[in-house]
>>> print(open('start05.cif').read())   # mmCIF, C-alpha atoms
data_input
loop_
_atom_site.label_atom_id
_atom_site.label_comp_id
_atom_site.auth_asym_id
_atom_site.auth_seq_id
_atom_site.Cartn_x
_atom_site.Cartn_y
_atom_site.Cartn_z
CA MET A 1 0.00 0.00 0.00
CA VAL A 2 2.81 2.39 0.91
CA LEU A 3 4.78 1.71 -2.26
CA GLY A 4 1.63 2.05 -4.36
CA LYS A 5 0.98 5.49 -2.91
CA ARG A 6 4.62 6.46 -3.53
CA LEU A 7 4.27 5.41 -7.15
CA ARG A 8 1.19 7.60 -7.47
CA HIS A 9 3.05 10.53 -5.93
CA LEU A 10 5.98 10.08 -8.33
CA ARG A 11 3.63 9.85 -11.32
CA GLU A 12 1.72 12.98 -10.32
CA ARG A 13 4.94 14.88 -9.58
CA ALA A 14 6.21 13.99 -13.05
CA GLY A 15 2.94 15.08 -14.65
CA VAL A 16 2.37 11.65 -16.21
CA SER A 17 -1.23 10.60 -16.87
CA PHE A 18 -2.64 7.13 -16.25
CA GLU A 19 -2.77 6.64 -20.00
CA ASP A 20 0.90 7.54 -20.53
CA ALA A 21 1.98 5.36 -17.60
CA ALA A 22 -0.04 2.47 -19.03
CA ARG A 23 1.64 2.83 -22.42
CA ALA A 24 5.07 2.69 -20.76
CA ILE A 25 4.39 -0.82 -19.47
CA GLU A 26 1.90 -1.88 -22.17
CA VAL A 27 -1.11 -2.36 -19.90
CA THR A 28 -4.45 -0.62 -19.45
CA PRO A 29 -4.84 2.56 -17.37
CA LEU A 30 -6.96 0.49 -14.97
CA THR A 31 -3.97 -1.72 -14.23
CA VAL A 32 -1.89 1.32 -13.28
CA ARG A 33 -4.68 2.46 -10.96
CA ARG A 34 -4.79 -0.99 -9.37
CA ILE A 35 -1.01 -0.98 -8.87
CA GLU A 36 -1.23 2.36 -7.08
CA LYS A 37 -4.10 1.10 -4.90
CA ALA A 38 -2.18 -2.11 -4.00
CA GLU A 39 -4.92 -4.22 -5.55
CA VAL A 40 -2.35 -6.23 -7.51
CA GLY A 41 1.22 -7.30 -6.80
CA LEU A 42 4.18 -5.10 -7.65
CA ARG A 43 5.68 -6.76 -10.73
CA ILE A 44 9.33 -5.72 -10.77
CA PRO A 45 9.60 -5.09 -14.57
CA TYR A 46 6.55 -2.82 -14.36
CA VAL A 47 8.01 -0.95 -11.40
CA ARG A 48 11.30 -0.33 -13.19
CA GLU A 49 9.63 0.96 -16.35
CA LEU A 50 7.22 3.19 -14.45
CA LEU A 51 10.00 4.76 -12.42
CA ARG A 52 12.00 5.45 -15.58
CA ALA A 53 8.91 7.01 -17.17
CA TYR A 54 8.60 9.25 -14.11
CA GLY A 55 12.21 10.42 -14.41
CA VAL A 56 13.46 8.78 -11.23
CA PRO A 57 17.30 8.52 -11.07
CA ALA A 58 18.77 5.04 -11.57
CA ALA A 59 20.11 4.78 -8.00
CA GLU A 60 16.67 5.55 -6.57
CA VAL A 61 15.09 3.06 -8.96
CA ASP A 62 17.28 0.29 -7.54
CA ASP A 63 16.36 1.25 -3.95
CA PHE A 64 12.65 1.27 -4.81
CA VAL A 65 12.90 -2.09 -6.56
CA THR A 66 14.57 -3.56 -3.44
CA LEU A 67 11.62 -2.36 -1.34
CA ALA A 68 9.18 -3.78 -3.91
CA ARG A 69 10.84 -7.18 -3.76
CA GLU A 70 10.57 -7.14 0.04
CA ALA A 71 6.91 -6.13 -0.18
CA ASN A 72 6.22 -9.06 -2.50
CA GLN A 73 7.54 -11.58 0.02
CA PRO A 74 4.85 -13.56 1.91
CA GLY A 75 4.30 -12.43 5.49
CA TRP A 76 5.13 -14.72 8.42
CA TRP A 77 1.44 -15.69 8.54
CA TYR A 78 1.61 -17.31 5.09
CA LYS A 79 2.34 -20.70 6.62
CA TYR A 80 -0.95 -20.43 8.51
CA ARG A 81 -2.97 -19.71 5.38
CA ASP A 82 -4.92 -22.96 5.82
CA VAL A 83 -6.53 -21.59 9.00
CA LEU A 84 -6.40 -17.88 8.21
CA PRO A 85 -9.60 -16.62 6.53
CA GLU A 86 -9.06 -14.49 3.44
CA TRP A 87 -10.92 -11.58 5.01
CA PHE A 88 -8.68 -11.64 8.12
CA ARG A 89 -5.32 -11.68 6.32
CA ALA A 90 -5.35 -7.91 5.86
CA TYR A 91 -5.94 -7.53 9.59
CA VAL A 92 -2.82 -9.53 10.51
CA SER A 93 -0.79 -7.50 8.05
CA LEU A 94 -2.09 -4.17 9.41
CA GLU A 95 -1.55 -5.30 12.99
CA SER A 96 2.06 -6.21 12.20
CA GLU A 97 2.81 -2.77 10.75
CA ALA A 98 0.82 -0.52 13.09
CA SER A 99 2.49 1.95 15.44
CA VAL A 100 -0.70 2.44 17.49
CA ILE A 101 -3.62 0.04 18.01
CA ARG A 102 -6.70 1.29 19.82
CA LEU A 103 -9.64 -1.05 20.29
CA TYR A 104 -12.91 -1.73 22.02
CA GLU A 105 -13.96 -5.30 22.83
CA PRO A 106 -17.40 -6.01 24.32
CA HIS A 107 -17.27 -9.83 24.25
CA TYR A 108 -13.82 -11.39 24.58
CA VAL A 109 -10.23 -10.59 25.53
CA PRO A 110 -8.36 -9.24 22.47
CA GLY A 111 -6.33 -11.84 20.60
CA LEU A 112 -3.05 -10.08 21.42
CA LEU A 113 -3.67 -10.62 25.15
CA GLN A 114 -5.24 -14.09 25.27
CA THR A 115 -3.69 -17.07 27.03
CA HIS A 116 -3.27 -20.40 25.27
CA ASP A 117 -6.14 -22.06 27.18
CA TYR A 118 -8.50 -19.10 26.77
CA ALA A 119 -7.84 -19.00 23.02
CA THR A 120 -8.31 -22.76 22.75
CA ALA A 121 -11.68 -22.60 24.52
CA LEU A 122 -12.85 -19.88 22.15
CA MET A 123 -11.68 -21.76 19.06
CA ARG A 124 -13.48 -24.92 20.09
CA VAL A 125 -16.75 -22.98 20.32
CA GLY A 126 -16.13 -20.96 17.16
CA PHE A 127 -15.07 -23.96 15.06
CA PRO A 128 -16.97 -26.93 16.52
CA ASN A 129 -16.47 -29.15 13.48
CA GLU A 130 -12.69 -28.82 13.27
CA SER A 131 -10.18 -31.39 14.51
CA GLU A 132 -7.95 -30.82 17.51
CA GLU A 133 -5.04 -30.38 15.09
CA GLU A 134 -6.84 -27.59 13.23
CA ILE A 135 -7.81 -25.93 16.52
CA ALA A 136 -4.18 -26.10 17.63
CA ARG A 137 -3.11 -24.43 14.37
CA ARG A 138 -5.53 -21.57 14.92
CA VAL A 139 -4.32 -21.11 18.49
CA ALA A 140 -0.69 -21.20 17.33
CA LEU A 141 -1.43 -18.41 14.86
CA ARG A 142 -3.02 -16.30 17.59
CA LEU A 143 -0.09 -16.80 19.95
CA ARG A 144 2.37 -16.07 17.14
CA ARG A 145 0.67 -12.69 16.65
CA GLN A 146 1.41 -11.87 20.29
CA GLU A 147 5.17 -11.85 19.62
CA LEU A 148 4.54 -8.41 18.17
CA LEU A 149 4.30 -6.98 21.70
CA ALA A 150 7.84 -8.12 22.57
CA LYS A 151 9.52 -6.34 19.67
CA PRO A 152 11.61 -3.19 20.27
CA ASP A 153 9.31 -1.29 17.90
CA ALA A 154 6.12 -2.79 19.33
CA PRO A 155 2.96 -0.78 18.75
CA ALA A 156 1.25 1.10 21.53
CA VAL A 157 -1.89 -0.89 22.41
CA TRP A 158 -4.80 0.87 24.13
CA ALA A 159 -7.69 -1.49 24.83
CA ILE A 160 -11.08 -0.69 26.33
CA LEU A 161 -12.77 -3.87 27.56
CA ASP A 162 -16.38 -4.14 28.57
CA GLU A 163 -16.83 -5.62 32.04
CA THR A 164 -18.67 -8.48 30.30
CA VAL A 165 -15.33 -9.59 28.83
CA LEU A 166 -13.95 -10.27 32.30
CA ARG A 167 -17.09 -11.87 33.72
CA ARG A 168 -18.05 -14.17 30.87
CA PRO A 169 -16.68 -17.62 31.81
CA VAL A 170 -14.50 -19.01 29.05
CA GLY A 171 -12.99 -22.44 29.67
CA GLY A 172 -13.85 -22.52 33.39
CA ALA A 173 -12.68 -20.69 36.51
CA GLU A 174 -9.05 -21.81 36.30
CA VAL A 175 -8.72 -20.61 32.72
CA MET A 176 -10.32 -17.29 33.61
CA ARG A 177 -8.02 -16.76 36.61
CA ALA A 178 -5.00 -17.32 34.38
CA GLN A 179 -6.46 -14.95 31.78
CA LEU A 180 -6.99 -12.21 34.36
CA ASP A 181 -3.39 -12.73 35.51
CA ARG A 182 -2.26 -12.37 31.88
CA LEU A 183 -4.04 -9.03 31.59
CA ALA A 184 -2.43 -7.85 34.83
CA GLU A 185 0.98 -8.86 33.46
CA ALA A 186 0.29 -6.96 30.26
CA LEU A 187 -0.08 -3.78 32.30
CA GLU A 188 3.63 -4.09 33.11
CA THR A 189 4.37 -3.58 29.43
CA PRO A 190 5.09 0.14 28.88
CA LYS A 191 3.12 0.30 25.64
CA VAL A 192 -0.01 -1.53 26.81
CA ARG A 193 -2.96 0.32 28.38
CA ILE A 194 -6.16 -1.41 29.45
CA GLN A 195 -9.35 0.27 30.64
CA ILE A 196 -12.51 -1.42 31.92
CA MET A 197 -15.98 -0.19 30.99
CA ARG A 198 -18.07 -1.00 34.08
CA PHE A 199 -21.71 -2.06 33.93
CA SER A 200 -22.56 0.98 36.06
CA VAL A 201 -21.74 3.28 33.13
CA GLY A 202 -24.88 2.05 31.39
CA VAL A 203 -25.31 2.79 27.71
CA HIS A 204 -22.17 4.05 25.97
CA PRO A 205 -21.35 4.97 22.34
CA GLY A 206 -19.47 1.77 21.48
CA ALA A 207 -22.01 -0.74 22.77
CA TYR A 208 -23.02 -1.93 19.31
CA GLY A 209 -19.92 -4.05 18.66
CA PRO A 210 -16.13 -4.44 18.62
CA PHE A 211 -13.83 -2.32 16.48
CA HIS A 212 -10.08 -1.76 16.16
CA HIS A 213 -8.24 1.38 15.02
CA PHE A 214 -4.78 1.23 13.42
CA ARG A 215 -2.31 4.07 13.00
CA PHE A 216 0.95 3.66 11.09
CA GLY A 217 4.40 5.20 10.93
CA PHE A 218 4.07 5.91 7.20
CA SER A 219 2.69 9.19 5.95
CA GLU A 220 1.39 7.38 2.87
CA LEU A 221 -0.78 5.00 4.88
CA PRO A 222 -4.00 6.41 6.37
CA ASP A 223 -5.54 5.37 9.67
CA ILE A 224 -7.73 2.29 9.24
CA VAL A 225 -10.64 1.01 11.33
CA TYR A 226 -11.54 -2.69 11.34
CA THR A 227 -14.90 -4.20 12.25
CA GLU A 228 -16.18 -7.72 11.78
CA ASN A 229 -19.23 -9.94 11.86
CA LEU A 230 -19.76 -13.69 11.83
CA ALA A 231 -18.57 -14.29 8.25
CA ASP A 232 -16.81 -11.18 7.03
CA SER A 233 -15.03 -7.94 7.93
CA VAL A 234 -15.00 -4.29 6.92
CA TYR A 235 -12.00 -1.96 6.69
CA TYR A 236 -12.68 1.79 6.79
CA ASP A 237 -10.06 4.30 5.65
CA ARG A 238 -12.16 7.30 4.61
CA PRO A 239 -11.18 10.15 6.99
CA GLU A 240 -14.78 10.90 7.96
CA ASP A 241 -15.38 7.26 8.93
CA VAL A 242 -12.14 6.95 10.89
CA VAL A 243 -12.77 10.21 12.75
CA ALA A 244 -16.22 8.98 13.79
CA TYR A 245 -14.71 5.89 15.41
CA LEU A 246 -11.90 7.87 17.04
CA GLU A 247 -14.42 10.24 18.59
CA VAL A 248 -16.26 7.25 20.05
CA LEU A 249 -13.00 5.83 21.45
CA ASP A 250 -12.15 9.19 23.02
CA ARG A 251 -15.56 9.44 24.67
CA MET A 252 -15.35 5.88 25.91
CA SER A 253 -11.88 6.40 27.36
CA VAL A 254 -13.37 9.13 29.57
CA GLN A 255 -16.35 6.97 30.63
CA ALA A 256 -14.27 3.85 31.36
CA GLU A 257 -12.35 3.33 34.59
CA PRO A 258 -8.89 4.98 34.55
CA VAL A 259 -5.93 2.77 33.66
CA ALA A 260 -4.68 3.16 37.23
CA ARG A 261 -7.78 1.28 38.44
CA THR A 262 -7.46 -1.66 36.07
CA ARG A 263 -5.16 -3.78 38.21
CA ASP A 264 -7.45 -3.45 41.24
CA ILE A 265 -10.51 -4.37 39.17
CA LEU A 266 -8.76 -7.44 37.79
CA GLY A 267 -7.80 -8.45 41.34
CA GLU A 268 -11.38 -8.04 42.59
CA LEU A 269 -12.78 -10.15 39.76
CA ARG A 270 -10.12 -12.80 40.31
CA LYS A 271 -11.16 -13.14 43.96
CA GLU A 272 -14.73 -13.71 42.85
CA LEU A 273 -13.51 -16.71 40.84
#
>>> encode(input="start05.cif", output="structure tokens")
Amino acid sequence: MVLGKRLRHLRERAGVSFEDAARAIEVTPLTVRRIEKAEVGLRIPYVRELLRAYGVPAAEVDDFVTLAREANQPGWWYKYRDVLPEWFRAYVSLESEASVIRLYEPHYVPGLLQTHDYATALMRVGFPNESEEEIARRVALRLRRQELLAKPDAPAVWAILDETVLRRPVGGAEVMRAQLDRLAEALETPKVRIQIMRFSVGVHPGAYGPFHHFRFGFSELPDIVYTENLADSVYYDRPEDVVAYLEVLDRMSVQAEPVARTRDILGELRKEL
């Protein structure tokens, strides 16, 4: 996506039309548009010819081509493609590249913070017809995603969890105690913030469903909001849509318990178990 936007910028700076760019690589103008929108792969011969048509110096062409080759490499999640739905692959990619992840979860602990047993219990309910081996693969993918939080350039994660998330029994009391402990441990991570939306708040602006907001360290990549349903997902990148979700997150962060109270709440709920 980033390289596609850079190609568009270079084309516009050079004053080259879609039609002229298409003639340079002997394709249709639609193909050039799709390259710039990251709807097709970056074919290296096309990239070289386009950059030459845009007047980019040879040394910069080589650097760009190197980046294009890297972008064409399968992500680490490729080996899990058998258990990774097509509509969720973009999510894993965005999550891996984000500098900030803000989210609201009304039902379950976010995947980045789940324990092995909690994730397994969820998968068994969500995929009742799959074998234990397939369930294990799905759990392995989820736990592999969590390695992101241990990286030096880990994203800042700010999660608002409905109190329901912590009270809904998943896998039994022992599993829930371990999951609450995992959330408490996550609070020790400098870049992780967790707030709890108590029942006493009543109706709040995010009560209709979960959503995640991604921000990136690339000026070419806009903020993106992700929502999902039982069989599909939606990715919003129009500024007016993203702003609407950010405003809801800001309002909810004021209504939810302060981060400083989260550890005490987790401890109280653990005692109840």
>>> closest_residue(input="start05.cif", among="A:Glu86, A:Glu39, A:Glu60, A:Asp264", to="Asp232 in chain A", atoms="only C-alpha atoms")
A:Glu86
>>> closest_residue(input="start05.cif", among="A:Arg102, A:His107, A:Arg137, A:Arg270", to="Leu249 in chain A", atoms="all atoms listed in the file")
A:Arg102
>>> closest_residue(input="start05.cif", among="A:Leu149, A:Leu103, A:Val125, A:Ala140", to="His212 in chain A", atoms="only C-alpha atoms")
A:Leu103
>>> atom_distance(input="start05.cif", atom1="CA of Ala121 in chain A", atom2="CA of Gln146 in chain A")
17.4 Å
>>> closest_residue(input="start05.cif", among="A:Glu220, A:Glu272, A:Glu97, A:Asp162", to="Leu3 in chain A", atoms="all atoms listed in the file")
A:Glu220
>>> closest_residue(input="start05.cif", among="A:Leu51, A:Leu148, A:Val201, A:Met123", to="Arg13 in chain A", atoms="all atoms listed in the file")
A:Leu51
>>> closest_residue(input="start05.cif", among="A:Arg52, A:His204, A:Arg177, A:Arg6", to="Ala24 in chain A", atoms="all atoms listed in the file")
A:Arg52
>>> atom_distance(input="start05.cif", atom1="CA of Lys271 in chain A", atom2="CA of Glu174 in chain A")
11.8 Å
>>> resolve_selection(input="start05.cif", expression="the PyMOL selection byres ((chain A and resi 165-169) around 9)", output="MDAnalysis selection string")
chainID A and resid 105:109 161:164 170:173 175:176 179:180 196 266 269
>>> decode(input="start05.cif", residues="range 95-131 of chain A", atoms="N, CA, C and O atoms", output="JSON list (two decimals), in the first residue's frame")
[["chain", "number", "residue", "atom", "x", "y", "z"],
["A", 95, "GLU", "N", -1.98, -5.18, 11.60],
["A", 95, "GLU", "CA", -1.55, -5.30, 12.99],
["A", 95, "GLU", "C", -0.03, -5.34, 13.10],
["A", 95, "GLU", "O", 0.56, -4.73, 13.99],
["A", 96, "SER", "N", 0.60, -6.05, 12.17],
["A", 96, "SER", "CA", 2.06, -6.21, 12.20],
["A", 96, "SER", "C", 2.79, -4.92, 11.90],
["A", 96, "SER", "O", 3.95, -4.75, 12.31],
["A", 97, "GLU", "N", 2.15, -4.01, 11.16],
["A", 97, "GLU", "CA", 2.81, -2.77, 10.75],
["A", 97, "GLU", "C", 2.37, -1.54, 11.54],
["A", 97, "GLU", "O", 2.95, -0.47, 11.37],
["A", 98, "ALA", "N", 1.37, -1.68, 12.39],
["A", 98, "ALA", "CA", 0.82, -0.52, 13.09],
["A", 98, "ALA", "C", 1.79, 0.02, 14.14],
["A", 98, "ALA", "O", 2.56, -0.72, 14.73],
["A", 99, "SER", "N", 1.73, 1.32, 14.35],
["A", 99, "SER", "CA", 2.49, 1.95, 15.44],
["A", 99, "SER", "C", 1.60, 2.18, 16.65],
["A", 99, "SER", "O", 2.08, 2.26, 17.77],
["A", 100, "VAL", "N", 0.27, 2.29, 16.41],
["A", 100, "VAL", "CA", -0.70, 2.44, 17.49],
["A", 100, "VAL", "C", -1.92, 1.58, 17.16],
["A", 100, "VAL", "O", -2.42, 1.61, 16.04],
["A", 101, "ILE", "N", -2.39, 0.82, 18.15],
["A", 101, "ILE", "CA", -3.62, 0.04, 18.01],
["A", 101, "ILE", "C", -4.55, 0.41, 19.16],
["A", 101, "ILE", "O", -4.21, 0.19, 20.33],
["A", 102, "ARG", "N", -5.68, 0.99, 18.82],
["A", 102, "ARG", "CA", -6.70, 1.29, 19.82],
["A", 102, "ARG", "C", -7.92, 0.41, 19.52],
["A", 102, "ARG", "O", -8.27, 0.24, 18.35],
["A", 103, "LEU", "N", -8.55, -0.12, 20.56],
["A", 103, "LEU", "CA", -9.64, -1.05, 20.29],
["A", 103, "LEU", "C", -10.66, -1.06, 21.42],
["A", 103, "LEU", "O", -10.35, -0.72, 22.56],
["A", 104, "TYR", "N", -11.86, -1.46, 21.05],
["A", 104, "TYR", "CA", -12.91, -1.73, 22.02],
["A", 104, "TYR", "C", -13.40, -3.14, 21.81],
["A", 104, "TYR", "O", -13.69, -3.56, 20.69],
["A", 105, "GLU", "N", -13.48, -3.91, 22.90],
["A", 105, "GLU", "CA", -13.96, -5.30, 22.83],
["A", 105, "GLU", "C", -15.07, -5.49, 23.87],
["A", 105, "GLU", "O", -14.83, -5.35, 25.06],
["A", 106, "PRO", "N", -16.28, -5.80, 23.40],
["A", 106, "PRO", "CA", -17.40, -6.01, 24.32],
["A", 106, "PRO", "C", -17.64, -7.46, 24.71],
["A", 106, "PRO", "O", -18.45, -7.74, 25.59],
["A", 107, "HIS", "N", -16.95, -8.41, 24.04],
["A", 107, "HIS", "CA", -17.27, -9.83, 24.25],
["A", 107, "HIS", "C", -16.11, -10.64, 24.81],
["A", 107, "HIS", "O", -16.30, -11.39, 25.78],
["A", 108, "TYR", "N", -14.93, -10.53, 24.20],
["A", 108, "TYR", "CA", -13.82, -11.39, 24.58],
["A", 108, "TYR", "C", -12.52, -10.59, 24.71],
["A", 108, "TYR", "O", -12.39, -9.49, 24.19],
["A", 109, "VAL", "N", -11.57, -11.18, 25.41],
["A", 109, "VAL", "CA", -10.23, -10.59, 25.53],
["A", 109, "VAL", "C", -9.62, -10.48, 24.14],
["A", 109, "VAL", "O", -9.74, -11.42, 23.33],
["A", 110, "PRO", "N", -8.99, -9.37, 23.80],
["A", 110, "PRO", "CA", -8.36, -9.24, 22.47],
["A", 110, "PRO", "C", -7.33, -10.34, 22.22],
["A", 110, "PRO", "O", -6.66, -10.80, 23.15],
["A", 111, "GLY", "N", -7.24, -10.75, 20.96],
["A", 111, "GLY", "CA", -6.33, -11.84, 20.60],
["A", 111, "GLY", "C", -4.90, -11.61, 21.05],
["A", 111, "GLY", "O", -4.21, -12.56, 21.43],
["A", 112, "LEU", "N", -4.42, -10.38, 21.04],
["A", 112, "LEU", "CA", -3.05, -10.08, 21.42],
["A", 112, "LEU", "C", -2.78, -10.34, 22.90],
["A", 112, "LEU", "O", -1.62, -10.42, 23.32],
["A", 113, "LEU", "N", -3.84, -10.49, 23.70],
["A", 113, "LEU", "CA", -3.67, -10.62, 25.15],
["A", 113, "LEU", "C", -4.25, -11.92, 25.69],
["A", 113, "LEU", "O", -4.34, -12.10, 26.90],
["A", 114, "GLN", "N", -4.64, -12.84, 24.83],
["A", 114, "GLN", "CA", -5.24, -14.09, 25.27],
["A", 114, "GLN", "C", -4.18, -15.11, 25.70],
["A", 114, "GLN", "O", -3.09, -15.16, 25.14],
["A", 115, "THR", "N", -4.53, -15.94, 26.68],
["A", 115, "THR", "CA", -3.69, -17.07, 27.03],
["A", 115, "THR", "C", -3.97, -18.23, 26.08],
["A", 115, "THR", "O", -4.97, -18.24, 25.35],
["A", 116, "HIS", "N", -3.10, -19.23, 26.13],
["A", 116, "HIS", "CA", -3.27, -20.40, 25.27],
["A", 116, "HIS", "C", -4.60, -21.09, 25.55],
["A", 116, "HIS", "O", -5.37, -21.42, 24.63],
["A", 117, "ASP", "N", -4.92, -21.32, 26.84],
["A", 117, "ASP", "CA", -6.14, -22.06, 27.18],
["A", 117, "ASP", "C", -7.40, -21.26, 26.87],
["A", 117, "ASP", "O", -8.41, -21.83, 26.45],
["A", 118, "TYR", "N", -7.34, -19.96, 27.08],
["A", 118, "TYR", "CA", -8.50, -19.10, 26.77],
["A", 118, "TYR", "C", -8.75, -19.13, 25.26],
["A", 118, "TYR", "O", -9.89, -19.31, 24.81],
["A", 119, "ALA", "N", -7.70, -18.98, 24.48],
["A", 119, "ALA", "CA", -7.84, -19.00, 23.02],
["A", 119, "ALA", "C", -8.36, -20.35, 22.54],
["A", 119, "ALA", "O", -9.21, -20.43, 21.65],
["A", 120, "THR", "N", -7.87, -21.43, 23.15],
["A", 120, "THR", "CA", -8.31, -22.76, 22.75],
["A", 120, "THR", "C", -9.80, -22.96, 23.02],
["A", 120, "THR", "O", -10.54, -23.50, 22.18],
["A", 121, "ALA", "N", -10.26, -22.48, 24.18],
["A", 121, "ALA", "CA", -11.68, -22.60, 24.52],
["A", 121, "ALA", "C", -12.54, -21.84, 23.52],
["A", 121, "ALA", "O", -13.60, -22.32, 23.10],
["A", 122, "LEU", "N", -12.10, -20.66, 23.13],
["A", 122, "LEU", "CA", -12.85, -19.88, 22.15],
["A", 122, "LEU", "C", -12.89, -20.57, 20.80],
["A", 122, "LEU", "O", -13.93, -20.61, 20.13],
["A", 123, "MET", "N", -11.75, -21.10, 20.37],
["A", 123, "MET", "CA", -11.68, -21.76, 19.06],
["A", 123, "MET", "C", -12.58, -22.99, 19.00],
["A", 123, "MET", "O", -13.20, -23.27, 17.98],
["A", 124, "ARG", "N", -12.65, -23.72, 20.09],
["A", 124, "ARG", "CA", -13.48, -24.92, 20.09],
["A", 124, "ARG", "C", -14.96, -24.57, 19.93],
["A", 124, "ARG", "O", -15.72, -25.33, 19.32],
["A", 125, "VAL", "N", -15.36, -23.43, 20.47],
["A", 125, "VAL", "CA", -16.75, -22.98, 20.32],
["A", 125, "VAL", "C", -16.96, -22.40, 18.92],
["A", 125, "VAL", "O", -17.97, -22.65, 18.27],
["A", 126, "GLY", "N", -15.99, -21.61, 18.46],
["A", 126, "GLY", "CA", -16.13, -20.96, 17.16],
["A", 126, "GLY", "C", -16.01, -21.89, 15.98],
["A", 126, "GLY", "O", -16.58, -21.63, 14.91],
["A", 127, "PHE", "N", -15.28, -23.00, 16.16],
["A", 127, "PHE", "CA", -15.07, -23.96, 15.06],
["A", 127, "PHE", "C", -15.36, -25.37, 15.58],
["A", 127, "PHE", "O", -14.44, -26.20, 15.70],
["A", 128, "PRO", "N", -16.61, -25.66, 15.88],
["A", 128, "PRO", "CA", -16.97, -26.93, 16.52],
["A", 128, "PRO", "C", -16.73, -28.17, 15.66],
["A", 128, "PRO", "O", -16.63, -29.28, 16.20],
["A", 129, "ASN", "N", -16.63, -28.00, 14.36],
["A", 129, "ASN", "CA", -16.47, -29.15, 13.48],
["A", 129, "ASN", "C", -15.01, -29.42, 13.09],
["A", 129, "ASN", "O", -14.75, -30.34, 12.30],
["A", 130, "GLU", "N", -14.10, -28.64, 13.63],
["A", 130, "GLU", "CA", -12.69, -28.82, 13.27],
["A", 130, "GLU", "C", -12.01, -29.80, 14.21],
["A", 130, "GLU", "O", -12.42, -29.99, 15.36],
["A", 131, "SER", "N", -10.94, -30.43, 13.71],
["A", 131, "SER", "CA", -10.18, -31.39, 14.51],
["A", 131, "SER", "C", -9.33, -30.65, 15.54],
["A", 131, "SER", "O", -9.13, -29.44, 15.46]]
